[in-house]
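Student: Take this structure first; my questions come after.
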Amino acid sequence: MRVEGFDDGFFPLDFKGRKGTTVIAGVELDNGVLTRIGYGVVTVDARDSERVVTAMSKHMTGELVFLDGVTYSGFDVVDPDSVHAETGKPVIVVQHHPLNLDRIREALVKHFPDWAERFRVISKVASSMLYVETPWKPVLIYPAGLSFDEAVDLYKRNCIYSPLPEALRIADMVASSISRLRLFQI
């Protein structure tokens, strides 16, 4: 099965508030073999991460999308249901820890005029996530475009070395490397 994974890169804290950029990397694996890598530049805390993820996914041929949570490039959000609707591909969100929605809401209200929309996406996903046991640790997942049982099966089949599906593990390494390279070239 061809799967895609998307993750964001590193950025210094002084980039918060739209004062800098980072990258979102996307990778495609075909039965565990890396077949495609892409990345897009996004402004930290802006609202362009979902657009970049969706555009990259449309250029890939994966049959399933993995997202590492729903917050990208600071406090931007990627709505898995929107990605599914735009690409036609099922989406599985993987979250390592439960979110503190009260603290997130407080931070969003303090820093973003569009806090309600960002919080709507975060709380919708966080309140619907379910735990999945793995050999490493339990994780939370949210499926869009497939049942929870299908999502659990596909999630587990894509974890090889860690509780991160392999596409997300590689996307994380690619995004971190590219973002750090970009920082040192500036």
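Going through the structure tokens in order, the chains are called A, B, and so on, while each chain numbers its residues from 1 and the ligands are numbered from 1 in the order shown.
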Tell me, which residues of range 16-88 of chain A carry DSSP strand (DSSP E), written as a PyMOL selection string?

Tutor: chain A and resi 21-30+33-43+64-68+71-72+76-77

Student: Going by DSSP on the backbone, which residues of chain A come out as alpha helix (DSSP H)? List them as an MDAnalysis selection string.

Tutor: chainID A and resid 49:59 80:87 101:111 115:128 148:157 166:185

Student: Would you write out, as a tab-separated table, a table of all residues in range 59-102 of chain A that have an atom no more than 12 Å from an atom of range 29-36 of chain A, listing for each the closest atom pair and the distance in Å to one decimal, considering only C-alpha atoms and ordering rows by chain and rising residue number?

Tutor:
```
residue	atom	partner	partner_atom	distance
A:His59	CA	A:Arg36	CA	9.8
A:Met60	CA	A:Arg36	CA	7.5
A:Thr61	CA	A:Arg36	CA	9.1
A:Gly62	CA	A:Leu29	CA	7.7
A:Glu63	CA	A:Asp30	CA	9.6
A:Leu64	CA	A:Leu29	CA	10.2
A:Val65	CA	A:Leu29	CA	10.6
A:Phe66	CA	A:Leu29	CA	11.3
```

Student: Here is a test: counting only C-alpha atoms, which residue of A:Met1, A:Leu146, A:Leu13, A:Ala171 is nearest to Gly88 in chain A?

Tutor: A:Leu146

Student: Set the distance at 12 Å and use only C-alpha atoms: which residues neighbour Lys124 in chain A once local chain neighbours fewer than 6 positions away are removed? I'd like the list as JSON, numbers by chain.

Tutor: {"A": [70, 77, 78, 79, 80, 81, 99, 101, 116, 117, 118, 142, 143, 144]}

Student: Measuring atom to atom with only C-alpha atoms, identify which of A:Ser177, A:Ser49, A:Asn100, A:Gln95 is nearest to Tyr155 in chain A.

Tutor: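 Under the stated criterion, the closest residue is A:Gln95.
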
Student: Between A:Val83, A:Pro135, A:Glu4, A:Arg51, which has the minimum distance to Ile37 in chain A (counting only C-alpha atoms)?

Tutor: A:Glu4

Student: Here is a test: counting only C-alpha atoms, which residue of A:Arg2, A:Leu67, A:Gly145, A:Leu154 is nearest to Lys89 in chain A?

Tutor: A:Gly145

Student: Would you pick out the contacts of Trp136 in chain A at 9 Å or less, using only C-alpha atoms, so that residues sharing its chain but fewer than 3 positions from it are not included, and give the list as a ChimeraX atom specification?

Tutor: /A:133,162-163

Student: Quick one, how far is CA of Leu130 in chain A from CA of Tyr72 in chain A?

Tutor: 20.7 Å

Student: With only C-alpha atoms as the basis for distance, which of A:Phe75, A:Asp14, A:Gln185, A:Leu140 is at the shortest distance from Val125 in chain A?

Tutor: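 Distance minimum relative to Val125 in chain A lands on A:Leu140.
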
Student: For a test of reading the model, state the distance in Å between CA of Arg105 in chain A and CA of Ser128 in chain A, rounded to one decimal.

Tutor: 16.9 Å

Student: In terms of the shortest atom-to-atom distance over only C-alpha atoms, which of A:Val41, A:Val27, A:Val132, A:Ile122 is closest to Gly9 in chain A?

Tutor: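 For Gly9 in chain A, the nearest of the candidates is A:Val41.
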